[in-house]
>>> print(open('model07.csv').read())   # CSV, C-alpha atoms
chain,number,residue,atom,x,y,z
A,1,LYS,CA,142.0,83.4,7.1
A,2,ASN,CA,141.7,81.7,10.5
A,3,SER,CA,139.0,79.2,10.6
A,4,MET,CA,137.3,78.7,14.0
A,5,ARG,CA,135.8,75.8,15.9
A,6,ILE,CA,132.3,76.8,16.8
A,7,ALA,CA,129.8,75.0,19.1
A,8,HIS,CA,126.1,76.0,19.0
A,9,VAL,CA,124.1,74.7,22.0
A,10,THR,CA,120.3,74.7,21.5
A,11,HIS,CA,117.5,72.6,22.9
A,12,GLU,CA,115.9,72.5,19.4
A,13,TYR,CA,117.3,71.8,16.0
A,14,ALA,CA,116.0,70.5,12.7
A,15,PRO,CA,113.8,68.5,12.2
A,16,ALA,CA,112.1,70.3,15.1
A,17,ILE,CA,110.1,73.3,13.9
A,18,SER,CA,110.7,76.5,15.8
A,19,GLY,CA,112.1,79.9,15.3
A,20,VAL,CA,115.2,79.1,17.4
A,21,ALA,CA,115.9,75.8,15.6
A,22,LYS,CA,115.7,77.7,12.3
A,23,VAL,CA,118.0,80.5,13.4
A,24,VAL,CA,120.7,78.1,14.6
A,25,GLU,CA,120.5,76.0,11.4
A,26,GLU,CA,120.9,79.1,9.2
A,27,LEU,CA,123.9,80.4,11.1
A,28,ALA,CA,125.6,77.0,11.6
A,29,GLU,CA,125.3,76.1,7.9
A,30,ARG,CA,126.7,79.4,6.7
A,31,GLN,CA,129.5,79.2,9.2
A,32,ALA,CA,130.4,75.7,8.1
A,33,GLU,CA,130.2,76.8,4.4
A,34,GLN,CA,132.9,79.4,5.2
A,35,GLY,CA,135.3,76.7,6.3
A,36,ASN,CA,134.7,76.8,10.0
A,37,GLU,CA,134.3,73.5,12.0
A,38,VAL,CA,130.8,73.8,13.4
A,39,HIS,CA,129.2,71.5,15.9
A,40,VAL,CA,125.6,71.7,17.1
A,41,PHE,CA,124.7,70.1,20.5
A,42,THR,CA,121.0,69.6,20.9
A,43,SER,CA,118.5,67.3,22.5
A,44,ASP,CA,117.1,64.2,20.8
A,45,TRP,CA,113.5,65.5,21.3
A,46,ASP,CA,111.8,67.2,18.3
A,47,LYS,CA,108.6,68.3,20.2
A,48,THR,CA,106.7,65.1,19.2
A,49,LYS,CA,109.1,62.2,19.5
A,50,LYS,CA,112.5,61.0,20.4
A,51,LEU,CA,114.9,61.1,17.4
A,52,LYS,CA,116.8,57.8,16.6
A,53,LYS,CA,119.7,59.4,14.8
A,54,LYS,CA,122.0,60.8,17.4
A,55,GLU,CA,125.0,61.8,15.3
A,56,GLU,CA,125.1,63.1,11.7
A,57,ILE,CA,126.8,65.6,9.5
A,58,LEU,CA,124.3,67.7,7.6
A,59,ASN,CA,125.4,70.4,5.2
A,60,LYS,CA,128.9,70.2,6.7
A,61,VAL,CA,127.5,70.8,10.3
A,62,HIS,CA,128.3,68.1,12.9
A,63,ILE,CA,125.0,67.5,14.8
A,64,HIS,CA,125.1,65.8,18.2
A,65,ARG,CA,121.6,64.8,19.5
A,66,LEU,CA,121.9,64.1,23.1
A,67,LYS,CA,119.6,61.9,25.3
A,68,HIS,CA,117.3,64.2,27.2
A,69,ILE,CA,116.7,63.3,30.8
A,70,ALA,CA,113.6,65.4,31.5
A,71,ARG,CA,111.1,67.6,29.9
A,72,ILE,CA,109.2,70.5,31.5
A,73,GLY,CA,106.2,71.1,29.2
A,74,ASN,CA,107.3,72.1,25.7
A,75,PHE,CA,109.3,74.8,27.4
A,76,SER,CA,112.4,73.2,28.7
A,77,ILE,CA,114.3,70.1,27.7
A,78,ILE,CA,117.0,68.9,30.1
A,79,TYR,CA,120.0,67.3,28.6
A,80,ILE,CA,123.5,67.6,30.0
A,81,SER,CA,125.9,65.1,28.3
A,82,PHE,CA,127.2,67.9,26.0
A,83,PHE,CA,129.1,69.4,29.0
A,84,PRO,CA,132.3,67.2,28.7
A,85,ALA,CA,132.3,67.6,24.9
A,86,LEU,CA,132.3,71.4,25.3
A,87,LEU,CA,135.1,71.1,27.9
A,88,ASN,CA,137.3,69.0,25.8
A,89,GLY,CA,136.4,70.2,22.4
A,90,LYS,CA,138.9,73.1,22.1
A,91,PHE,CA,136.2,75.4,20.8
A,92,ASP,CA,137.0,79.0,20.0
A,93,ILE,CA,133.4,80.0,20.3
A,94,ILE,CA,130.6,78.5,22.3
A,95,HIS,CA,127.3,80.1,21.2
A,96,SER,CA,124.3,79.1,23.4
A,97,HIS,CA,120.7,79.8,22.6
A,98,VAL,CA,117.7,80.7,24.8
A,99,PHE,CA,118.0,82.4,28.2
A,100,GLY,CA,116.9,80.6,31.3
A,101,HIS,CA,117.6,77.0,30.2
A,102,LEU,CA,120.0,74.8,32.0
A,103,HIS,CA,122.2,74.4,28.8
A,104,PHE,CA,122.9,78.2,28.9
A,105,PHE,CA,124.3,77.9,32.4
A,106,LEU,CA,126.4,74.8,31.5
A,107,SER,CA,127.6,76.4,28.3
A,108,SER,CA,128.9,79.5,30.2
A,109,LEU,CA,130.6,77.3,32.7
A,110,ALA,CA,132.2,75.1,30.0
A,111,ALA,CA,133.4,78.2,28.2
A,112,LYS,CA,134.9,79.6,31.3
A,113,LEU,CA,136.7,76.4,32.2
A,114,SER,CA,137.9,75.6,28.7
A,115,GLY,CA,139.0,79.1,27.7
A,116,ALA,CA,136.4,79.4,24.9
A,117,LYS,CA,134.6,82.7,24.3
A,118,HIS,CA,130.9,82.6,25.0
A,119,VAL,CA,128.2,84.2,23.0
A,120,HIS,CA,124.6,83.9,24.1
A,121,THR,CA,121.4,84.7,22.1
A,122,THR,CA,118.5,85.2,24.5
A,123,HIS,CA,115.6,84.7,21.9
A,124,CYS,CA,113.1,86.7,23.9
A,125,PRO,CA,111.7,84.4,26.6
A,126,TRP,CA,110.6,87.2,28.9
A,127,THR,CA,107.0,86.5,29.8
A,128,ASP,CA,105.0,84.2,32.1
A,129,ALA,CA,101.7,84.4,30.2
A,130,HIS,CA,100.3,80.9,29.7
A,131,ARG,CA,102.9,79.0,31.7
A,132,SER,CA,102.3,76.4,34.3
A,133,ILE,CA,103.1,76.9,37.9
A,134,ILE,CA,105.9,74.5,37.7
A,135,SER,CA,107.5,76.3,34.8
A,136,ARG,CA,107.0,79.6,36.5
A,137,LEU,CA,108.8,78.3,39.5
A,138,GLY,CA,111.6,76.9,37.3
A,139,ILE,CA,111.9,80.3,35.6
A,140,LEU,CA,112.1,82.1,38.9
A,141,VAL,CA,115.0,79.9,40.1
A,142,SER,CA,116.8,79.6,36.8
A,143,TYR,CA,116.5,83.3,35.7
A,144,ASN,CA,117.5,84.7,39.1
A,145,ILE,CA,120.3,82.4,40.1
A,146,PHE,CA,121.8,80.2,37.3
A,147,SER,CA,121.1,82.5,34.3
A,148,ARG,CA,122.2,85.6,36.2
A,149,PHE,CA,125.5,83.9,37.0
A,150,ALA,CA,125.8,82.7,33.4
A,151,LEU,CA,125.2,86.2,32.0
A,152,LYS,CA,128.1,87.5,34.0
A,153,LEU,CA,130.4,85.0,32.4
A,154,THR,CA,129.2,85.7,28.8
A,155,ASP,CA,131.4,87.7,26.5
A,156,LYS,CA,128.6,89.0,24.2
A,157,ILE,CA,124.8,88.9,24.5
A,158,ILE,CA,122.7,89.0,21.3
A,159,ALA,CA,119.2,90.3,21.7
A,160,ILE,CA,116.9,89.6,18.7
A,161,THR,CA,115.0,92.9,19.4
A,162,PRO,CA,115.7,96.0,21.4
A,163,TRP,CA,112.5,95.2,23.4
A,164,GLU,CA,114.8,92.7,25.3
A,165,PHE,CA,117.5,95.1,26.5
A,166,ASN,CA,115.8,96.0,29.8
A,167,PHE,CA,115.1,92.4,30.7
A,168,ILE,CA,118.7,91.4,30.0
A,169,LYS,CA,120.0,94.3,32.2
A,170,LYS,CA,117.5,93.3,34.9
A,171,PHE,CA,119.2,89.9,35.1
A,172,GLY,CA,122.7,91.4,35.3
A,173,GLY,CA,123.6,91.6,31.6
A,174,GLU,CA,126.1,94.6,31.1
A,175,ASP,CA,125.1,97.2,28.6
A,176,LYS,CA,128.4,97.1,26.7
A,177,LYS,CA,127.9,93.3,26.1
A,178,ILE,CA,124.5,93.6,24.6
A,179,ILE,CA,124.0,93.9,20.8
A,180,ASN,CA,120.8,93.7,18.7
A,181,ILE,CA,120.8,91.3,15.8
A,182,PRO,CA,117.3,90.4,14.6
A,183,ASN,CA,116.3,87.1,13.1
A,184,GLY,CA,116.5,86.7,9.4
A,185,MET,CA,114.8,85.1,6.4
A,186,SER,CA,115.7,83.2,3.3
A,187,SER,CA,116.2,85.4,0.2
A,188,GLY,CA,114.2,82.8,-1.7
A,189,PHE,CA,111.1,84.8,-0.6
A,190,PHE,CA,112.1,87.7,-2.9
A,191,LYS,CA,111.9,85.7,-6.1
A,192,LYS,CA,108.6,86.0,-7.8
A,193,ILE,CA,107.2,82.6,-8.7
A,194,LYS,CA,106.0,82.3,-12.3
A,195,ASN,CA,102.8,80.5,-13.0
A,196,ASN,CA,101.9,80.3,-9.3
A,197,ASN,CA,99.3,77.5,-9.2
A,198,PHE,CA,98.6,77.8,-5.5
A,199,LYS,CA,95.0,79.1,-5.8
A,200,LYS,CA,94.1,76.7,-8.6
A,201,LYS,CA,95.5,73.7,-6.7
A,202,ASN,CA,93.5,74.7,-3.6
A,203,LYS,CA,90.3,75.5,-5.6
A,204,ILE,CA,90.4,79.1,-4.6
A,205,ASN,CA,88.7,81.5,-7.1
A,206,GLU,CA,91.3,83.7,-8.7
A,207,LYS,CA,89.2,86.8,-8.0
A,208,ASN,CA,89.1,86.1,-4.2
A,209,LYS,CA,91.4,87.9,-1.9
A,210,VAL,CA,93.4,85.7,0.6
A,211,VAL,CA,94.1,86.6,4.2
A,212,LEU,CA,96.8,84.3,5.7
A,213,PHE,CA,97.7,83.0,9.2
A,214,PHE,CA,100.9,81.0,9.0
A,215,GLY,CA,102.5,79.8,12.3
A,216,ARG,CA,102.5,77.2,14.9
A,217,LEU,CA,99.0,76.3,16.1
A,218,ASN,CA,99.9,77.2,19.6
A,219,VAL,CA,97.7,79.2,22.0
A,220,THR,CA,100.3,82.0,22.1
A,221,LYS,CA,100.0,82.6,18.4
A,222,GLY,CA,96.3,83.2,18.6
A,223,PRO,CA,95.0,81.0,15.7
A,224,ASP,CA,91.6,80.8,17.6
A,225,LYS,CA,91.5,84.6,17.5
A,226,PHE,CA,92.2,84.5,13.7
A,227,VAL,CA,89.1,82.3,13.2
A,228,GLU,CA,87.0,84.8,15.2
A,229,ILE,CA,88.4,87.7,13.2
A,230,ALA,CA,87.7,85.9,10.0
A,231,LYS,CA,84.1,85.3,10.9
A,232,LEU,CA,83.6,89.0,11.7
A,233,VAL,CA,85.0,90.0,8.2
A,234,LEU,CA,82.9,87.3,6.5
A,235,LYS,CA,79.8,88.8,7.9
A,236,GLN,CA,80.5,91.8,5.6
A,237,ARG,CA,82.3,90.2,2.7
A,238,ASP,CA,82.0,86.9,0.9
A,239,ASP,CA,84.9,87.5,-1.6
A,240,VAL,CA,87.7,86.7,1.0
A,241,ILE,CA,89.3,83.3,1.8
A,242,PHE,CA,91.1,82.9,5.2
A,243,ILE,CA,93.9,80.4,5.3
A,244,ILE,CA,95.3,78.9,8.5
A,245,ARG,CA,98.4,76.8,8.3
A,246,GLY,CA,101.1,75.5,10.6
A,247,PRO,CA,102.2,72.6,12.8
A,248,ASP,CA,99.8,71.6,15.5
A,249,GLU,CA,100.9,72.5,19.1
A,250,GLY,CA,97.6,71.7,20.8
A,251,MET,CA,95.2,73.9,19.0
A,252,LYS,CA,94.3,72.0,15.8
A,253,LYS,CA,91.1,70.3,17.2
A,254,ILE,CA,89.9,73.6,18.6
A,255,ILE,CA,90.5,75.3,15.3
A,256,GLN,CA,88.7,72.6,13.3
A,257,GLU,CA,85.8,72.9,15.8
A,258,ALA,CA,85.7,76.7,15.4
A,259,VAL,CA,85.9,76.6,11.6
A,260,LYS,CA,83.3,73.8,11.3
A,261,ASN,CA,81.7,74.2,7.8
A,262,GLU,CA,82.6,77.8,7.1
A,263,LYS,CA,83.8,77.3,3.5
A,264,ASN,CA,85.7,80.6,3.3
A,265,ILE,CA,88.1,79.6,6.1
A,266,ILE,CA,90.5,76.8,5.1
A,267,LEU,CA,92.6,74.9,7.6
A,268,MET,CA,95.4,73.5,5.5
A,269,PRO,CA,97.7,70.6,6.4
A,270,GLU,CA,101.1,71.7,7.6
A,271,THR,CA,104.0,71.7,5.1
A,272,ARG,CA,107.7,72.1,5.3
A,273,ASP,CA,108.1,72.4,1.6
A,274,LYS,CA,109.8,75.8,1.1
A,275,GLY,CA,108.6,76.2,-2.5
A,276,GLU,CA,105.0,75.6,-1.4
A,277,ILE,CA,105.3,78.0,1.4
A,278,ILE,CA,106.6,80.8,-0.9
A,279,LYS,CA,103.8,80.1,-3.4
A,280,MET,CA,101.3,80.4,-0.5
A,281,TYR,CA,102.7,83.8,0.7
A,282,GLN,CA,102.8,85.1,-2.9
A,283,SER,CA,99.1,84.1,-3.4
A,284,ALA,CA,98.0,86.0,-0.3
A,285,ASP,CA,97.0,89.6,0.0
A,286,ILE,CA,97.2,90.3,3.8
A,287,PHE,CA,99.2,88.6,6.6
A,288,VAL,CA,97.8,88.5,10.1
A,289,ILE,CA,99.8,87.9,13.4
A,290,PRO,CA,97.2,87.9,16.2
A,291,SER,CA,99.6,86.6,18.9
A,292,PHE,CA,99.8,87.6,22.6
A,293,ARG,CA,103.4,86.5,22.9
A,294,GLU,CA,106.1,86.6,20.4
A,295,GLY,CA,109.9,86.9,20.3
A,296,LEU,CA,110.4,88.1,16.8
A,297,PRO,CA,108.5,85.9,14.5
A,298,LEU,CA,110.4,84.9,11.3
A,299,THR,CA,107.1,85.0,9.5
A,300,LEU,CA,107.0,88.8,9.9
A,301,PHE,CA,110.0,89.1,7.6
A,302,GLU,CA,108.8,86.3,5.3
A,303,ALA,CA,105.5,88.2,4.8
A,304,MET,CA,107.4,91.5,4.2
A,305,ALA,CA,109.6,89.8,1.6
A,306,SER,CA,106.5,88.5,-0.1
A,307,GLY,CA,105.2,92.1,-0.2
A,308,LEU,CA,102.2,91.5,2.1
A,309,PRO,CA,100.7,94.3,4.3
A,310,ILE,CA,100.6,93.0,7.9
A,311,VAL,CA,98.0,93.3,10.7
A,312,ALA,CA,99.7,92.3,13.9
A,313,SER,CA,99.5,92.6,17.7
A,314,PRO,CA,102.2,95.0,19.0
A,315,VAL,CA,103.8,92.4,21.2
A,316,ASN,CA,107.4,92.2,22.2
A,317,GLY,CA,109.7,92.5,19.2
A,318,ILE,CA,107.1,93.3,16.6
A,319,PRO,CA,106.6,97.1,17.0
A,320,PHE,CA,110.4,97.5,16.7
A,321,GLU,CA,110.4,96.1,13.2
A,322,MET,CA,107.1,97.4,11.8
A,323,ASN,CA,105.1,100.6,11.9
A,324,GLN,CA,102.2,102.2,9.9
A,325,ASP,CA,104.2,102.0,6.7
A,326,ASN,CA,104.2,98.2,6.9
A,327,GLY,CA,100.7,97.5,8.2
A,328,PHE,CA,98.6,98.0,11.2
A,329,LEU,CA,99.2,97.2,14.9
A,330,VAL,CA,96.1,96.1,16.8
A,331,ASN,CA,96.0,94.9,20.4
A,332,TYR,CA,95.7,91.2,21.1
A,333,GLY,CA,92.1,90.2,21.5
A,334,ASP,CA,90.6,93.3,19.8
A,335,ASN,CA,89.0,91.2,17.1
A,336,LYS,CA,86.7,94.0,16.0
A,337,LYS,CA,89.6,96.3,15.3
A,338,PHE,CA,91.5,93.5,13.6
A,339,ALA,CA,88.5,92.9,11.3
A,340,GLU,CA,88.2,96.6,10.6
A,341,LYS,CA,91.8,96.9,9.6
A,342,ILE,CA,91.7,93.8,7.3
A,343,ILE,CA,88.6,95.3,5.6
A,344,GLU,CA,90.3,98.7,5.2
A,345,LEU,CA,93.2,96.9,3.5
A,346,LEU,CA,90.9,94.8,1.3
A,347,ASP,CA,89.1,98.0,0.2
A,348,ASN,CA,92.1,100.2,-0.4
A,349,LYS,CA,94.3,99.0,-3.2
A,350,LYS,CA,96.5,102.0,-3.1
A,351,LEU,CA,97.3,101.5,0.6
A,352,ARG,CA,98.1,97.8,0.0
A,353,GLU,CA,100.4,98.8,-2.9
A,354,SER,CA,102.3,101.3,-0.8
A,355,MET,CA,102.8,98.9,2.1
A,356,ARG,CA,103.8,96.2,-0.4
A,357,LYS,CA,106.7,98.4,-1.7
A,358,ASN,CA,107.7,99.5,1.8
A,359,ASN,CA,107.8,95.8,3.0
A,360,LEU,CA,109.8,94.6,0.1
A,361,LYS,CA,112.3,97.3,0.7
A,362,ARG,CA,112.4,96.7,4.5
A,363,ALA,CA,112.8,92.9,4.2
A,364,ARG,CA,116.1,93.4,2.4
A,365,ASN,CA,117.8,94.2,5.8
A,366,TYR,CA,116.9,90.8,7.1
A,367,THR,CA,118.4,88.2,4.8
A,368,TRP,CA,120.2,85.4,6.6
A,369,ASN,CA,123.5,86.3,4.9
A,370,ILE,CA,123.4,89.7,6.5
A,371,ILE,CA,122.5,88.2,9.9
A,372,ALA,CA,125.3,85.6,9.6
A,373,LYS,CA,127.8,88.3,8.7
A,374,LYS,CA,126.9,90.4,11.8
A,375,THR,CA,127.2,87.3,14.0
A,376,LEU,CA,130.6,86.4,12.6
A,377,LYS,CA,131.8,89.9,13.1
A,378,ILE,CA,131.0,89.5,16.9
A,379,TYR,CA,133.0,86.2,17.0
A,380,ASN,CA,136.0,87.9,15.4
A,381,GLU,CA,135.8,90.9,17.8
A,382,ILE,CA,135.8,88.9,21.0
A,383,LEU,CA,138.5,86.7,19.7
A,384,GLY,CA,140.5,89.8,19.0
A,385,ARG,CA,140.7,89.1,15.3
A,386,SER,CA,138.7,92.0,14.0
>>> encode(input="model07.csv", output="structure tokens")
Amino acid sequence: KNSMRIAHVTHEYAPAISGVAKVVEELAERQAEQGNEVHVFTSDWDKTKKLKKKEEILNKVHIHRLKHIARIGNFSIIYISFFPALLNGKFDIIHSHVFGHLHFFLSSLAAKLSGAKHVHTTHCPWTDAHRSIISRLGILVSYNIFSRFALKLTDKIIAITPWEFNFIKKFGGEDKKIINIPNGMSSGFFKKIKNNNFKKKNKINEKNKVVLFFGRLNVTKGPDKFVEIAKLVLKQRDDVIFIIRGPDEGMKKIIQEAVKNEKNIILMPETRDKGEIIKMYQSADIFVIPSFREGLPLTLFEAMASGLPIVASPVNGIPFEMNQDNGFLVNYGDNKKFAEKIIELLDNKKLRESMRKNNLKRARNYTWNIIAKKTLKIYNEILGRS
């Protein structure tokens, strides 16, 4: 079996919390586990601070954290010193992540010059909503000139949702190069936790239903909308607890202010403890995604694997992965409709049960092992090894 030398280039990697960082980590670790030599080139910025440790091997993956020379908001981190390493690294595959960033352009150039094959995952960046003028200008230049050029050189383009196909084509991606491979989730979510003490530990009455928001406290995810929706539901019901949890990205104070002393809405401290997260999902009854921008949220599949009916905005990748069998789609900002659908689910046990079964079944298609296998198949195909 031929092992490969694989380089992943991504602006974020653990310990940074983001969907992209998670995807790269899950792929890289599985690829290394199978005997490939895997390097991750990333920046030394984890969204909050500069990371001291620049080089390490974690779970067999060689991680290179490179000094970043600039940051444009939380959107783009500029670091370029990986370029010579890619040129001289004799890689079989260079896999870059997130369209529009400078490292995508440099990766495609390095692949071309070094003879490596280049795979690019776009990760759904196609929207200007809530971006500063500077980053919009940056996007205009980078998407239309550099990234368009890079797409031409790319051997295979992975879209995480079919929603992206038209955008990729608009910037010159060829139809025959594009393939849809969604994000995945850990199969740990399927295991039922015995003696789940989550409600007890958080002083939640066993009889109360739990409605959950779990995601970055970022304006795009709509945590503020979730509080407004919760208040509408609580006007009619007092047997429901609303939980908000996730790392702060500028919204925590606003949420605290909005929750004030409403005892049925709990803003929990963030956690990275996987066991704790699984317990939380399994204690909930309904999962809510009130975002106005998404790529394809990993939490969608985690909630499905936990058997939760979902009420979500039909943005970007979401409607491709769920329909009325999995939950309800409600337009962003239509708080009244969100509240109605949550109440409908709270009142209708039979409906919750049928969605639970559908979601458990559907989630089986999204385990990381399946996603990693599909990705490896692409590597082998473009290397002519299939």
>>> atom_distance(input="model07.csv", atom1="CA of Gln34 in chain A", atom2="CA of Phe99 in chain A")
27.6 Å
>>> closest_residue(input="model07.csv", among="A:Thr10, A:Asn218, A:Ser186, A:Gln282", to="Lys253 in chain A", atoms="only C-alpha atoms")
A:Asn218
>>> closest_residue(input="model07.csv", among="A:Trp163, A:Phe292, A:Phe171, A:Tyr379", to="Pro319 in chain A", atoms="all atoms listed in the file")
A:Trp163
>>> atom_distance(input="model07.csv", atom1="CA of Leu296 in chain A", atom2="CA of Gly317 in chain A")
5.1 Å
>>> closest_residue(input="model07.csv", among="A:Lys192, A:Lys279, A:Ile69, A:Ile241", to="Glu262 in chain A", atoms="all atoms listed in the file")
A:Ile241
>>> residues_near_point(input="model07.csv", point="(114.7, 77.7, 30.7)", cutoff="8 Å", atoms="only C-alpha atoms", output="count of residues only")
11
>>> residues_around(input="model07.csv", residues="Ile179 in chain A", least_positions_apart="5", cutoff="8 Å", atoms="all atoms listed in the file", output="list of chain:residue names")
A:Lys156, A:Ile157, A:Ile158, A:Ala159
>>> atom_distance(input="model07.csv", atom1="CA of Ile370 in chain A", atom2="CA of Gly246 in chain A")
26.8 Å
>>> closest_residue(input="model07.csv", among="A:Leu351, A:Trp368, A:Lys374, A:Ile229", to="Lys336 in chain A", atoms="all atoms listed in the file")
A:Ile229
>>> closest_atom_pairs(input="model07.csv", of="range 243-279 of chain A", to="range 12-27 of chain A", cutoff="12 Å", atoms="all atoms listed in the file", output="Markdown table")
| residue | atom | partner | partner_atom | distance |
| --- | --- | --- | --- | --- |
| A:Gly246 | CA | A:Ile17 | CA | 9.8 |
| A:Pro247 | CA | A:Ile17 | CA | 8.0 |
| A:Asp248 | CA | A:Ile17 | CA | 10.6 |
| A:Glu249 | CA | A:Ile17 | CA | 10.6 |
| A:Glu270 | CA | A:Ile17 | CA | 11.1 |
| A:Thr271 | CA | A:Ile17 | CA | 10.8 |
| A:Arg272 | CA | A:Ile17 | CA | 9.0 |
>>> residues_near_point(input="model07.csv", point="(81.0, 87.5, 11.2)", cutoff="12 Å", atoms="all atoms listed in the file", output="PyMOL selection string")
chain A and resi 226-238+259+262+264-265+335-336+339-340
>>> residues_around(input="model07.csv", residues="Lys221 in chain A", least_positions_apart="4", cutoff="12 Å", atoms="all atoms listed in the file", output="PDB file with C-alpha atoms, keeping the file's coordinate frame")
ATOM      1  CA  HIS A 130     100.300  80.900  29.700  1.00  0.00           C
ATOM      2  CA  PHE A 213      97.700  83.000   9.200  1.00  0.00           C
ATOM      3  CA  PHE A 214     100.900  81.000   9.000  1.00  0.00           C
ATOM      4  CA  GLY A 215     102.500  79.800  12.300  1.00  0.00           C
ATOM      5  CA  ARG A 216     102.500  77.200  14.900  1.00  0.00           C
ATOM      6  CA  LEU A 217      99.000  76.300  16.100  1.00  0.00           C
ATOM      7  CA  LYS A 225      91.500  84.600  17.500  1.00  0.00           C
ATOM      8  CA  PHE A 226      92.200  84.500  13.700  1.00  0.00           C
ATOM      9  CA  ILE A 244      95.300  78.900   8.500  1.00  0.00           C
ATOM     10  CA  ARG A 245      98.400  76.800   8.300  1.00  0.00           C
ATOM     11  CA  GLY A 246     101.100  75.500  10.600  1.00  0.00           C
ATOM     12  CA  PRO A 247     102.200  72.600  12.800  1.00  0.00           C
ATOM     13  CA  ASP A 248      99.800  71.600  15.500  1.00  0.00           C
ATOM     14  CA  GLU A 249     100.900  72.500  19.100  1.00  0.00           C
ATOM     15  CA  GLY A 250      97.600  71.700  20.800  1.00  0.00           C
ATOM     16  CA  MET A 251      95.200  73.900  19.000  1.00  0.00           C
ATOM     17  CA  VAL A 288      97.800  88.500  10.100  1.00  0.00           C
ATOM     18  CA  ILE A 289      99.800  87.900  13.400  1.00  0.00           C
ATOM     19  CA  PRO A 290      97.200  87.900  16.200  1.00  0.00           C
ATOM     20  CA  SER A 291      99.600  86.600  18.900  1.00  0.00           C
ATOM     21  CA  PHE A 292      99.800  87.600  22.600  1.00  0.00           C
ATOM     22  CA  ARG A 293     103.400  86.500  22.900  1.00  0.00           C
ATOM     23  CA  GLU A 294     106.100  86.600  20.400  1.00  0.00           C
ATOM     24  CA  GLY A 295     109.900  86.900  20.300  1.00  0.00           C
ATOM     25  CA  LEU A 296     110.400  88.100  16.800  1.00  0.00           C
ATOM     26  CA  PRO A 297     108.500  85.900  14.500  1.00  0.00           C
ATOM     27  CA  THR A 299     107.100  85.000   9.500  1.00  0.00           C
ATOM     28  CA  ALA A 312      99.700  92.300  13.900  1.00  0.00           C
ATOM     29  CA  SER A 313      99.500  92.600  17.700  1.00  0.00           C
ATOM     30  CA  VAL A 315     103.800  92.400  21.200  1.00  0.00           C
ATOM     31  CA  TYR A 332      95.700  91.200  21.100  1.00  0.00           C
ATOM     32  CA  GLY A 333      92.100  90.200  21.500  1.00  0.00           C
TER      33      GLY A 333
END
>>> closest_residue(input="model07.csv", among="A:Pro162, A:Pro314, A:Gly327, A:Pro269", to="Ile286 in chain A", atoms="all atoms listed in the file")
A:Gly327
>>> closest_residue(input="model07.csv", among="A:Lys194, A:Arg136, A:Arg65, A:Lys260", to="Ser283 in chain A", atoms="all atoms listed in the file")
A:Lys194
>>> residues_around(input="model07.csv", residues="Leu308 in chain A", least_positions_apart="2", cutoff="10 Å", atoms="all atoms listed in the file", output="JSON, numbers by chain")
{"A": [211, 212, 281, 282, 283, 284, 285, 286, 287, 288, 300, 301, 302, 303, 304, 305, 306, 310, 311, 326, 327, 352, 353, 355, 356, 357, 358, 359, 360]}
>>> residues_around(input="model07.csv", residues="Asp224 in chain A", least_positions_apart="5", cutoff="8 Å", atoms="all atoms listed in the file", output="list of chain:residue names")
A:Val219, A:Met251, A:Ile254, A:Ile255, A:Ala258
>>> decode(input="model07.csv", residues="range 255-262 of chain A", atoms="N, CA, C and O atoms", output="compact mmCIF listing (two decimals), in the first residue's frame")
# COMPACT_ATOMS: atom_id res chain seq x y z
N ILE A 255 -25.86 38.89 25.05
CA ILE A 255 -26.74 37.79 25.47
C ILE A 255 -27.04 37.88 26.96
O ILE A 255 -28.20 37.76 27.38
N GLN A 256 -26.01 38.13 27.77
CA GLN A 256 -26.22 38.26 29.22
C GLN A 256 -27.23 39.36 29.53
O GLN A 256 -28.13 39.19 30.35
N GLU A 257 -27.06 40.46 28.82
CA GLU A 257 -27.95 41.61 28.98
C GLU A 257 -29.38 41.22 28.61
O GLU A 257 -30.33 41.58 29.30
N ALA A 258 -29.53 40.48 27.51
CA ALA A 258 -30.86 40.10 27.03
C ALA A 258 -31.52 39.06 27.94
O ALA A 258 -32.73 39.09 28.16
N VAL A 259 -30.72 38.15 28.49
CA VAL A 259 -31.27 37.10 29.37
C VAL A 259 -31.67 37.70 30.71
O VAL A 259 -32.70 37.35 31.29
N LYS A 260 -30.83 38.64 31.21
CA LYS A 260 -31.02 39.28 32.52
C LYS A 260 -31.38 38.26 33.58
O LYS A 260 -30.65 37.33 33.82
N ASN A 261 -32.57 38.40 34.20
CA ASN A 261 -32.89 37.46 35.28
C ASN A 261 -34.00 36.48 34.89
O ASN A 261 -34.77 36.04 35.72
N GLU A 262 -34.07 36.16 33.60
CA GLU A 262 -35.04 35.16 33.13
C GLU A 262 -34.51 33.78 33.53
O GLU A 262 -33.54 33.29 32.95
